>>> print(open('data_17.pdb').read())   # PDB, C-alpha atoms and all ligand atoms
ATOM      1  CA  MET A   1      49.694  97.062 121.665  1.00  0.00           C
ATOM      2  CA  SER A   2      49.567  96.901 125.472  1.00  0.00           C
ATOM      3  CA  GLY A   3      49.900  99.993 127.653  1.00  0.00           C
ATOM      4  CA  ASP A   4      53.239  98.686 128.821  1.00  0.00           C
ATOM      5  CA  ASP A   5      54.485  98.319 125.218  1.00  0.00           C
ATOM      6  CA  LEU A   6      53.540 101.960 124.620  1.00  0.00           C
ATOM      7  CA  LYS A   7      55.395 103.080 127.735  1.00  0.00           C
ATOM      8  CA  ARG A   8      58.478 101.196 126.537  1.00  0.00           C
ATOM      9  CA  MET A   9      58.198 102.836 123.098  1.00  0.00           C
ATOM     10  CA  ALA A  10      58.140 106.310 124.651  1.00  0.00           C
ATOM     11  CA  ALA A  11      61.082 105.408 126.880  1.00  0.00           C
ATOM     12  CA  ALA A  12      63.064 104.071 123.916  1.00  0.00           C
ATOM     13  CA  ARG A  13      62.602 107.348 122.045  1.00  0.00           C
ATOM     14  CA  ALA A  14      63.770 109.317 125.094  1.00  0.00           C
ATOM     15  CA  VAL A  15      66.944 107.245 125.354  1.00  0.00           C
ATOM     16  CA  GLU A  16      67.828 108.518 121.852  1.00  0.00           C
ATOM     17  CA  ALA A  17      68.008 112.051 123.322  1.00  0.00           C
ATOM     18  CA  VAL A  18      70.758 111.029 125.737  1.00  0.00           C
ATOM     19  CA  THR A  19      74.320 111.830 124.700  1.00  0.00           C
ATOM     20  CA  ASP A  20      77.759 111.218 126.197  1.00  0.00           C
ATOM     21  CA  GLY A  21      78.563 113.217 129.300  1.00  0.00           C
ATOM     22  CA  MET A  22      74.967 114.074 130.211  1.00  0.00           C
ATOM     23  CA  ARG A  23      73.958 114.540 133.824  1.00  0.00           C
ATOM     24  CA  LEU A  24      70.523 112.968 134.057  1.00  0.00           C
ATOM     25  CA  GLY A  25      67.558 113.021 136.401  1.00  0.00           C
ATOM     26  CA  LEU A  26      66.082 109.533 136.538  1.00  0.00           C
ATOM     27  CA  GLY A  27      62.319 109.423 137.088  1.00  0.00           C
ATOM     28  CA  THR A  28      60.116 107.010 138.991  1.00  0.00           C
ATOM     29  CA  GLY A  29      57.236 104.760 137.914  1.00  0.00           C
ATOM     30  CA  SER A  30      56.660 102.053 135.341  1.00  0.00           C
ATOM     31  CA  THR A  31      57.486 104.239 132.302  1.00  0.00           C
ATOM     32  CA  ALA A  32      60.639 105.621 133.904  1.00  0.00           C
ATOM     33  CA  HIS A  33      61.533 102.026 134.814  1.00  0.00           C
ATOM     34  CA  HIS A  34      61.678 101.214 131.074  1.00  0.00           C
ATOM     35  CA  PHE A  35      63.857 104.277 130.499  1.00  0.00           C
ATOM     36  CA  VAL A  36      66.331 103.272 133.209  1.00  0.00           C
ATOM     37  CA  ALA A  37      66.474  99.701 131.867  1.00  0.00           C
ATOM     38  CA  LEU A  38      67.155 100.909 128.303  1.00  0.00           C
ATOM     39  CA  LEU A  39      69.671 103.469 129.551  1.00  0.00           C
ATOM     40  CA  GLY A  40      71.440 100.700 131.453  1.00  0.00           C
ATOM     41  CA  GLU A  41      71.884  98.781 128.183  1.00  0.00           C
ATOM     42  CA  LYS A  42      73.470 101.870 126.588  1.00  0.00           C
ATOM     43  CA  VAL A  43      75.744 102.434 129.584  1.00  0.00           C
ATOM     44  CA  ARG A  44      76.946  98.854 129.435  1.00  0.00           C
ATOM     45  CA  GLY A  45      77.605  99.502 125.741  1.00  0.00           C
ATOM     46  CA  GLY A  46      79.918 102.427 126.578  1.00  0.00           C
ATOM     47  CA  LEU A  47      77.659 105.520 126.985  1.00  0.00           C
ATOM     48  CA  LYS A  48      79.051 107.810 129.696  1.00  0.00           C
ATOM     49  CA  VAL A  49      76.402 109.473 131.863  1.00  0.00           C
ATOM     50  CA  THR A  50      75.691 110.118 135.515  1.00  0.00           C
ATOM     51  CA  GLY A  51      72.246 110.008 137.066  1.00  0.00           C
ATOM     52  CA  VAL A  52      70.358 111.383 140.044  1.00  0.00           C
ATOM     53  CA  PRO A  53      67.512 109.018 140.981  1.00  0.00           C
ATOM     54  CA  THR A  54      64.173 110.447 142.106  1.00  0.00           C
ATOM     55  CA  SER A  55      63.356 107.592 144.504  1.00  0.00           C
ATOM     56  CA  GLU A  56      64.949 104.763 146.420  1.00  0.00           C
ATOM     57  CA  ALA A  57      63.303 102.335 143.969  1.00  0.00           C
ATOM     58  CA  THR A  58      64.946 104.046 141.007  1.00  0.00           C
ATOM     59  CA  ARG A  59      68.260 104.227 142.878  1.00  0.00           C
ATOM     60  CA  ALA A  60      68.177 100.436 143.384  1.00  0.00           C
ATOM     61  CA  GLN A  61      67.262  99.810 139.740  1.00  0.00           C
ATOM     62  CA  ALA A  62      69.927 102.188 138.386  1.00  0.00           C
ATOM     63  CA  LEU A  63      72.623 100.605 140.560  1.00  0.00           C
ATOM     64  CA  ALA A  64      71.584  97.139 139.364  1.00  0.00           C
ATOM     65  CA  GLU A  65      71.799  98.411 135.756  1.00  0.00           C
ATOM     66  CA  GLY A  66      75.322  99.737 136.367  1.00  0.00           C
ATOM     67  CA  ILE A  67      74.400 103.403 135.810  1.00  0.00           C
ATOM     68  CA  PRO A  68      76.832 105.687 137.694  1.00  0.00           C
ATOM     69  CA  LEU A  69      74.950 107.784 140.227  1.00  0.00           C
ATOM     70  CA  THR A  70      75.559 111.176 141.743  1.00  0.00           C
ATOM     71  CA  THR A  71      73.602 113.499 144.044  1.00  0.00           C
ATOM     72  CA  LEU A  72      72.304 117.038 143.686  1.00  0.00           C
ATOM     73  CA  ASP A  73      74.830 118.029 146.360  1.00  0.00           C
ATOM     74  CA  GLU A  74      77.716 116.874 144.165  1.00  0.00           C
ATOM     75  CA  THR A  75      76.000 117.817 140.891  1.00  0.00           C
ATOM     76  CA  PRO A  76      73.444 120.562 141.515  1.00  0.00           C
ATOM     77  CA  GLY A  77      72.735 121.217 137.840  1.00  0.00           C
ATOM     78  CA  LEU A  78      71.440 118.491 135.511  1.00  0.00           C
ATOM     79  CA  ASP A  79      71.132 118.497 131.718  1.00  0.00           C
ATOM     80  CA  LEU A  80      68.014 116.405 131.324  1.00  0.00           C
ATOM     81  CA  THR A  81      65.405 114.667 133.466  1.00  0.00           C
ATOM     82  CA  VAL A  82      63.279 111.927 131.938  1.00  0.00           C
ATOM     83  CA  ASP A  83      60.209 111.003 133.959  1.00  0.00           C
ATOM     84  CA  GLY A  84      56.667 109.728 133.590  1.00  0.00           C
ATOM     85  CA  ALA A  85      53.488 111.585 134.517  1.00  0.00           C
ATOM     86  CA  ASP A  86      49.970 110.772 135.609  1.00  0.00           C
ATOM     87  CA  GLU A  87      48.513 113.513 133.397  1.00  0.00           C
ATOM     88  CA  LEU A  88      49.755 116.225 131.085  1.00  0.00           C
ATOM     89  CA  ASP A  89      47.972 118.958 129.197  1.00  0.00           C
ATOM     90  CA  ALA A  90      48.757 120.736 125.923  1.00  0.00           C
ATOM     91  CA  THR A  91      50.967 123.302 127.683  1.00  0.00           C
ATOM     92  CA  LEU A  92      53.006 120.612 129.464  1.00  0.00           C
ATOM     93  CA  ARG A  93      51.481 121.195 132.863  1.00  0.00           C
ATOM     94  CA  LEU A  94      51.549 117.898 134.727  1.00  0.00           C
ATOM     95  CA  ILE A  95      50.057 115.934 137.568  1.00  0.00           C
ATOM     96  CA  LYS A  96      52.650 113.637 139.103  1.00  0.00           C
ATOM     97  CA  GLY A  97      53.014 111.626 142.286  1.00  0.00           C
ATOM     98  CA  GLY A  98      50.886 108.569 141.553  1.00  0.00           C
ATOM     99  CA  GLY A  99      53.977 106.576 142.475  1.00  0.00           C
ATOM    100  CA  GLY A 100      54.544 108.629 145.613  1.00  0.00           C
ATOM    101  CA  ALA A 101      57.844 110.198 144.532  1.00  0.00           C
ATOM    102  CA  LEU A 102      56.663 113.711 143.676  1.00  0.00           C
ATOM    103  CA  LEU A 103      58.907 115.624 146.102  1.00  0.00           C
ATOM    104  CA  ARG A 104      62.212 114.257 144.825  1.00  0.00           C
ATOM    105  CA  GLU A 105      60.837 114.260 141.275  1.00  0.00           C
ATOM    106  CA  LYS A 106      60.059 117.961 141.531  1.00  0.00           C
ATOM    107  CA  ILE A 107      63.414 118.845 143.116  1.00  0.00           C
ATOM    108  CA  VAL A 108      65.281 116.923 140.414  1.00  0.00           C
ATOM    109  CA  ALA A 109      63.169 118.366 137.580  1.00  0.00           C
ATOM    110  CA  ALA A 110      63.718 121.900 138.908  1.00  0.00           C
ATOM    111  CA  ALA A 111      67.486 121.283 138.916  1.00  0.00           C
ATOM    112  CA  SER A 112      67.412 120.224 135.241  1.00  0.00           C
ATOM    113  CA  THR A 113      67.739 122.398 132.173  1.00  0.00           C
ATOM    114  CA  ARG A 114      65.286 120.113 130.336  1.00  0.00           C
ATOM    115  CA  MET A 115      62.600 117.690 131.461  1.00  0.00           C
ATOM    116  CA  ILE A 116      61.099 115.230 129.008  1.00  0.00           C
ATOM    117  CA  VAL A 117      57.876 113.503 130.032  1.00  0.00           C
ATOM    118  CA  ILE A 118      57.449 109.983 128.711  1.00  0.00           C
ATOM    119  CA  ALA A 119      54.001 108.419 128.716  1.00  0.00           C
ATOM    120  CA  ASP A 120      51.425 106.479 126.812  1.00  0.00           C
ATOM    121  CA  ALA A 121      49.136 108.828 124.930  1.00  0.00           C
ATOM    122  CA  SER A 122      46.185 108.190 127.296  1.00  0.00           C
ATOM    123  CA  LYS A 123      47.881 110.457 129.860  1.00  0.00           C
ATOM    124  CA  LYS A 124      47.226 113.554 127.717  1.00  0.00           C
ATOM    125  CA  VAL A 125      44.126 115.473 128.880  1.00  0.00           C
ATOM    126  CA  GLU A 126      42.283 118.670 127.962  1.00  0.00           C
ATOM    127  CA  THR A 127      42.023 119.750 131.600  1.00  0.00           C
ATOM    128  CA  LEU A 128      44.106 118.431 134.487  1.00  0.00           C
ATOM    129  CA  GLY A 129      42.289 116.813 137.388  1.00  0.00           C
ATOM    130  CA  ARG A 130      40.844 113.505 136.247  1.00  0.00           C
ATOM    131  CA  PHE A 131      43.733 111.888 138.132  1.00  0.00           C
ATOM    132  CA  ALA A 132      43.545 112.558 141.882  1.00  0.00           C
ATOM    133  CA  LEU A 133      46.056 115.254 142.823  1.00  0.00           C
ATOM    134  CA  PRO A 134      48.676 113.939 145.280  1.00  0.00           C
ATOM    135  CA  ILE A 135      49.560 116.360 148.084  1.00  0.00           C
ATOM    136  CA  GLU A 136      52.569 115.391 150.221  1.00  0.00           C
ATOM    137  CA  VAL A 137      52.185 116.420 153.859  1.00  0.00           C
ATOM    138  CA  ASN A 138      54.185 116.205 157.053  1.00  0.00           C
ATOM    139  CA  PRO A 139      52.682 113.562 159.401  1.00  0.00           C
ATOM    140  CA  PHE A 140      52.793 116.104 162.261  1.00  0.00           C
ATOM    141  CA  GLY A 141      49.439 117.817 162.540  1.00  0.00           C
ATOM    142  CA  LEU A 142      47.883 115.711 159.803  1.00  0.00           C
ATOM    143  CA  GLU A 143      44.255 116.559 160.616  1.00  0.00           C
ATOM    144  CA  ALA A 144      44.957 120.285 160.907  1.00  0.00           C
ATOM    145  CA  THR A 145      46.782 120.224 157.575  1.00  0.00           C
ATOM    146  CA  ARG A 146      43.956 118.237 156.010  1.00  0.00           C
ATOM    147  CA  ARG A 147      41.447 120.873 157.184  1.00  0.00           C
ATOM    148  CA  ALA A 148      43.592 123.712 155.874  1.00  0.00           C
ATOM    149  CA  VAL A 149      44.012 122.001 152.492  1.00  0.00           C
ATOM    150  CA  ALA A 150      40.256 121.344 152.302  1.00  0.00           C
ATOM    151  CA  HIS A 151      39.686 125.038 152.960  1.00  0.00           C
ATOM    152  CA  VAL A 152      42.019 125.959 150.076  1.00  0.00           C
ATOM    153  CA  LEU A 153      40.165 123.568 147.776  1.00  0.00           C
ATOM    154  CA  GLU A 154      36.809 125.008 148.843  1.00  0.00           C
ATOM    155  CA  THR A 155      37.929 128.576 148.152  1.00  0.00           C
ATOM    156  CA  HIS A 156      38.977 127.442 144.667  1.00  0.00           C
ATOM    157  CA  GLY A 157      35.526 125.936 144.069  1.00  0.00           C
ATOM    158  CA  LEU A 158      36.865 122.375 144.157  1.00  0.00           C
ATOM    159  CA  PRO A 159      35.656 119.222 145.960  1.00  0.00           C
ATOM    160  CA  THR A 160      37.183 118.871 149.421  1.00  0.00           C
ATOM    161  CA  THR A 161      37.429 115.099 149.852  1.00  0.00           C
ATOM    162  CA  LEU A 162      40.996 114.184 150.752  1.00  0.00           C
ATOM    163  CA  ARG A 163      41.961 110.527 150.964  1.00  0.00           C
ATOM    164  CA  LEU A 164      45.008 109.559 153.014  1.00  0.00           C
ATOM    165  CA  ARG A 165      46.988 107.225 150.758  1.00  0.00           C
ATOM    166  CA  THR A 166      47.467 103.818 152.315  1.00  0.00           C
ATOM    167  CA  ALA A 167      49.950 101.036 151.746  1.00  0.00           C
ATOM    168  CA  ALA A 168      49.607  97.384 152.758  1.00  0.00           C
ATOM    169  CA  LYS A 169      47.339  96.559 155.747  1.00  0.00           C
ATOM    170  CA  ASP A 170      45.659  99.978 155.707  1.00  0.00           C
ATOM    171  CA  LYS A 171      48.789 101.654 157.072  1.00  0.00           C
ATOM    172  CA  ALA A 172      49.498 105.132 155.740  1.00  0.00           C
ATOM    173  CA  PHE A 173      51.800 105.128 152.717  1.00  0.00           C
ATOM    174  CA  VAL A 174      55.095 106.773 153.706  1.00  0.00           C
ATOM    175  CA  THR A 175      57.189 108.546 151.081  1.00  0.00           C
ATOM    176  CA  ASP A 176      60.975 108.270 150.767  1.00  0.00           C
ATOM    177  CA  GLY A 177      61.115 111.552 152.714  1.00  0.00           C
ATOM    178  CA  GLY A 178      59.003 110.170 155.595  1.00  0.00           C
ATOM    179  CA  HIS A 179      55.827 112.064 154.669  1.00  0.00           C
ATOM    180  CA  PHE A 180      52.195 111.094 153.994  1.00  0.00           C
ATOM    181  CA  ILE A 181      50.164 111.726 150.835  1.00  0.00           C
ATOM    182  CA  LEU A 182      46.637 113.111 150.641  1.00  0.00           C
ATOM    183  CA  ASP A 183      44.957 112.349 147.299  1.00  0.00           C
ATOM    184  CA  ALA A 184      42.455 114.995 146.193  1.00  0.00           C
ATOM    185  CA  GLU A 185      39.750 113.912 143.714  1.00  0.00           C
ATOM    186  CA  LEU A 186      39.174 117.220 141.950  1.00  0.00           C
ATOM    187  CA  GLY A 187      37.644 116.286 138.604  1.00  0.00           C
ATOM    188  CA  ALA A 188      38.830 119.370 136.703  1.00  0.00           C
ATOM    189  CA  ILE A 189      41.412 121.944 137.789  1.00  0.00           C
ATOM    190  CA  ASP A 190      40.569 125.104 135.853  1.00  0.00           C
ATOM    191  CA  ALA A 191      43.314 127.279 137.374  1.00  0.00           C
ATOM    192  CA  PRO A 192      46.284 125.017 138.206  1.00  0.00           C
ATOM    193  CA  GLU A 193      48.741 127.906 138.804  1.00  0.00           C
ATOM    194  CA  ALA A 194      46.535 129.556 141.434  1.00  0.00           C
ATOM    195  CA  LEU A 195      45.854 126.233 143.140  1.00  0.00           C
ATOM    196  CA  ALA A 196      49.563 125.326 143.136  1.00  0.00           C
ATOM    197  CA  GLU A 197      50.444 128.630 144.790  1.00  0.00           C
ATOM    198  CA  ALA A 198      47.741 128.291 147.441  1.00  0.00           C
ATOM    199  CA  LEU A 199      48.640 124.702 148.319  1.00  0.00           C
ATOM    200  CA  VAL A 200      52.331 125.340 148.953  1.00  0.00           C
ATOM    201  CA  ALA A 201      51.379 128.199 151.277  1.00  0.00           C
ATOM    202  CA  VAL A 202      49.677 125.769 153.702  1.00  0.00           C
ATOM    203  CA  PRO A 203      51.948 124.915 156.654  1.00  0.00           C
ATOM    204  CA  GLY A 204      52.333 121.136 156.701  1.00  0.00           C
ATOM    205  CA  VAL A 205      52.117 120.781 152.929  1.00  0.00           C
ATOM    206  CA  VAL A 206      55.560 119.666 151.778  1.00  0.00           C
ATOM    207  CA  GLU A 207      54.792 119.625 148.029  1.00  0.00           C
ATOM    208  CA  HIS A 208      52.014 118.803 145.620  1.00  0.00           C
ATOM    209  CA  GLY A 209      51.829 116.982 142.315  1.00  0.00           C
ATOM    210  CA  LEU A 210      51.152 119.966 140.053  1.00  0.00           C
ATOM    211  CA  PHE A 211      54.305 120.393 137.953  1.00  0.00           C
ATOM    212  CA  ILE A 212      54.039 123.736 136.198  1.00  0.00           C
ATOM    213  CA  GLY A 213      56.787 125.274 134.093  1.00  0.00           C
ATOM    214  CA  LEU A 214      59.071 122.283 134.579  1.00  0.00           C
ATOM    215  CA  ALA A 215      58.505 119.984 131.594  1.00  0.00           C
ATOM    216  CA  THR A 216      60.114 121.227 128.383  1.00  0.00           C
ATOM    217  CA  GLY A 217      59.051 118.325 126.198  1.00  0.00           C
ATOM    218  CA  ALA A 218      56.959 115.180 126.023  1.00  0.00           C
ATOM    219  CA  ILE A 219      57.139 111.897 124.166  1.00  0.00           C
ATOM    220  CA  LEU A 220      53.761 110.192 123.927  1.00  0.00           C
ATOM    221  CA  ALA A 221      53.285 106.731 122.462  1.00  0.00           C
ATOM    222  CA  GLY A 222      49.912 105.651 121.108  1.00  0.00           C
ATOM    223  CA  ASP A 223      48.642 102.999 118.738  1.00  0.00           C
ATOM    224  CA  ASP A 224      49.308 105.424 115.834  1.00  0.00           C
ATOM    225  CA  GLY A 225      52.954 105.894 116.791  1.00  0.00           C
ATOM    226  CA  VAL A 226      55.100 108.236 118.835  1.00  0.00           C
ATOM    227  CA  VAL A 227      54.438 111.986 119.031  1.00  0.00           C
ATOM    228  CA  GLU A 228      57.023 114.418 120.396  1.00  0.00           C
ATOM    229  CA  TYR A 229      56.331 117.899 121.799  1.00  0.00           C
ATOM    230  CA  GLY A 230      58.805 120.578 122.824  1.00  0.00           C
ATOM    231  CA  THR A 231      62.451 119.790 123.414  1.00  0.00           C
TER     232      THR A 231
HETATM  233  C1  LIG B 301      55.674 108.794 140.442  1.00  0.00           C
HETATM  234  C2  LIG B 301      55.139 109.471 139.248  1.00  0.00           C
HETATM  235  C3  LIG B 301      55.055 108.683 137.990  1.00  0.00           C
HETATM  236  O1  LIG B 301      55.844 109.290 137.031  1.00  0.00           O
HETATM  237  C4  LIG B 301      53.629 108.640 137.533  1.00  0.00           C
HETATM  238  O2  LIG B 301      52.864 108.077 138.587  1.00  0.00           O
HETATM  239  C5  LIG B 301      53.466 107.828 136.262  1.00  0.00           C
HETATM  240  O3  LIG B 301      53.714 106.495 136.525  1.00  0.00           O
HETATM  241  P1  LIG B 301      53.688 105.372 135.414  1.00  0.00           P
HETATM  242  O4  LIG B 301      54.833 105.636 134.494  1.00  0.00           O
HETATM  243  O5  LIG B 301      53.848 104.081 136.211  1.00  0.00           O
HETATM  244  O6  LIG B 301      52.361 105.435 134.715  1.00  0.00           O
HETATM  245  O7  LIG B 301      54.808 110.638 139.254  1.00  0.00           O
HETATM  246  O8  LIG B 301      55.604 109.612 141.575  1.00  0.00           O
END
>>> encode(input="data_17.pdb", output="structure tokens")
Amino acid sequence: MSGDDLKRMAAARAVEAVTDGMRLGLGTGSTAHHFVALLGEKVRGGLKVTGVPTSEATRAQALAEGIPLTTLDETPGLDLTVDGADELDATLRLIKGGGGALLREKIVAAASTRMIVIADASKKVETLGRFALPIEVNPFGLEATRRAVAHVLETHGLPTTLRLRTAAKDKAFVTDGGHFILDAELGAIDAPEALAEALVAVPGVVEHGLFIGLATGAILAGDDGVVEYGT
């Protein structure tokens, strides 16, 4: 089975957890894209839900699917967010932001009672850090922020190489919020909580891709089938 088939399988299982009246956070990325497409089918079949998209891309897709949308201003509390992840560990700590939507994804997840991660089973790791950690920064003072972040990484015994994420034609990638992303190749993050705390304390850092204490469940699809964790 292809990786994309596995992502669709995980998304299909997550759609089964959606019931009438739910206020949903709609994730971003290729796995979340499957979820939104399958949810759209259910909505057109009569399921009543409202969704808060975590990116402009997901907003456009959800509107095209006919999924009614709301905002966190109108609906500050959500029942369930379904989103992908770049990595997850056994305690449901995540790295997210490979698709550049980590800020809205984190705000939406934090506003949700439950967050289910959907992924192909290859995303599950023993130790977070194989995937480069995305750190969203304000463009103002970029080099000073980069130095300060490198210092934090150094004090945590981690490599300090920070790559500015680029889009087409070597221009900096700009997030939906107008920020840049520094990708940190860390290898293994032994103390994610401590690192998360230190990174958000750096002026200029808007958010980072360590999602800790947010996911309540995961649905992982592999060649042997679908495995569910948590709720
Ligand atoms: C976007 C994300 C995505 O959820 C993450 O990158 C996983 O993407 P995919 O489902 O395409 O593998 O965090 O910011």
>>> atom_distance(input="data_17.pdb", atom1="CA of Thr127 in chain A", atom2="CA of Asp4 in chain A")
24.0 Å
>>> residues_near_ligand(input="data_17.pdb", ligand="ligand LIG 301 (chain B)", cutoff="10 Å", atoms="all atoms listed in the file", output="MDAnalysis selection string")
chainID A and resid 3:4 7:8 11 27:35 54:55 82:87 94:106 117:120 123 131 134 175 209 211
>>> residues_around(input="data_17.pdb", residues="Glu16 in chain A", least_positions_apart="2", cutoff="12 Å", atoms="only C-alpha atoms", output="PyMOL selection string")
chain A and resi 9-14+18-20+35+38-39+42+47+82+116+219
>>> closest_residue(input="data_17.pdb", among="A:Thr216, A:Ser2, A:Gln61, A:Thr70", to="Tyr229 in chain A", atoms="all atoms listed in the file")
A:Thr216
>>> residues_around(input="data_17.pdb", residues="Ala148 in chain A", least_positions_apart="3", cutoff="12 Å", atoms="only C-alpha atoms", output="PyMOL selection string")
chain A and resi 137+141-145+151-155+160+162+198-205
>>> closest_residue(input="data_17.pdb", among="A:Glu228, A:Asp5, A:Glu185, A:Asp176", to="Pro159 in chain A", atoms="all atoms listed in the file")
A:Glu185
>>> closest_residue(input="data_17.pdb", among="A:Ala168, A:Ala196, A:Ile135, A:Val52", to="Thr81 in chain A", atoms="all atoms listed in the file")
A:Val52
>>> closest_residue(input="data_17.pdb", among="A:Val36, A:Val49, A:Ile189, A:Val174", to="Arg23 in chain A", atoms="only C-alpha atoms")
A:Val49
>>> residues_around(input="data_17.pdb", residues="range 74-79 of chain A", least_positions_apart="2", cutoff="6 Å", atoms="only C-alpha atoms", output="PyMOL selection string")
chain A and resi 23-24+71-72+111-113
>>> write_last_selection(input="data_17.pdb", atoms="C-alpha atoms", output="PDB file, keeping the file's coordinate frame")
ATOM      1  CA  ARG A  23      73.958 114.540 133.824  1.00  0.00           C
ATOM      2  CA  LEU A  24      70.523 112.968 134.057  1.00  0.00           C
ATOM      3  CA  THR A  71      73.602 113.499 144.044  1.00  0.00           C
ATOM      4  CA  LEU A  72      72.304 117.038 143.686  1.00  0.00           C
ATOM      5  CA  ALA A 111      67.486 121.283 138.916  1.00  0.00           C
ATOM      6  CA  SER A 112      67.412 120.224 135.241  1.00  0.00           C
ATOM      7  CA  THR A 113      67.739 122.398 132.173  1.00  0.00           C
TER       8      THR A 113
END
>>> residues_near_point(input="data_17.pdb", point="(46.0, 114.2, 131.9)", cutoff="6 Å", atoms="all atoms listed in the file", output="VMD selection string")
chain A and resid 87 to 89 123 to 125 128
>>> atom_distance(input="data_17.pdb", atom1="CA of Gly217 in chain A", atom2="CA of Arg130 in chain A")
21.3 Å
>>> atom_distance(input="data_17.pdb", atom1="CA of Ala17 in chain A", atom2="CA of Ala218 in chain A")
11.8 Å
>>> closest_residue(input="data_17.pdb", among="A:Leu26, A:Ala37, A:Val149, A:Ala184", to="Ala109 in chain A", atoms="only C-alpha atoms")
A:Leu26
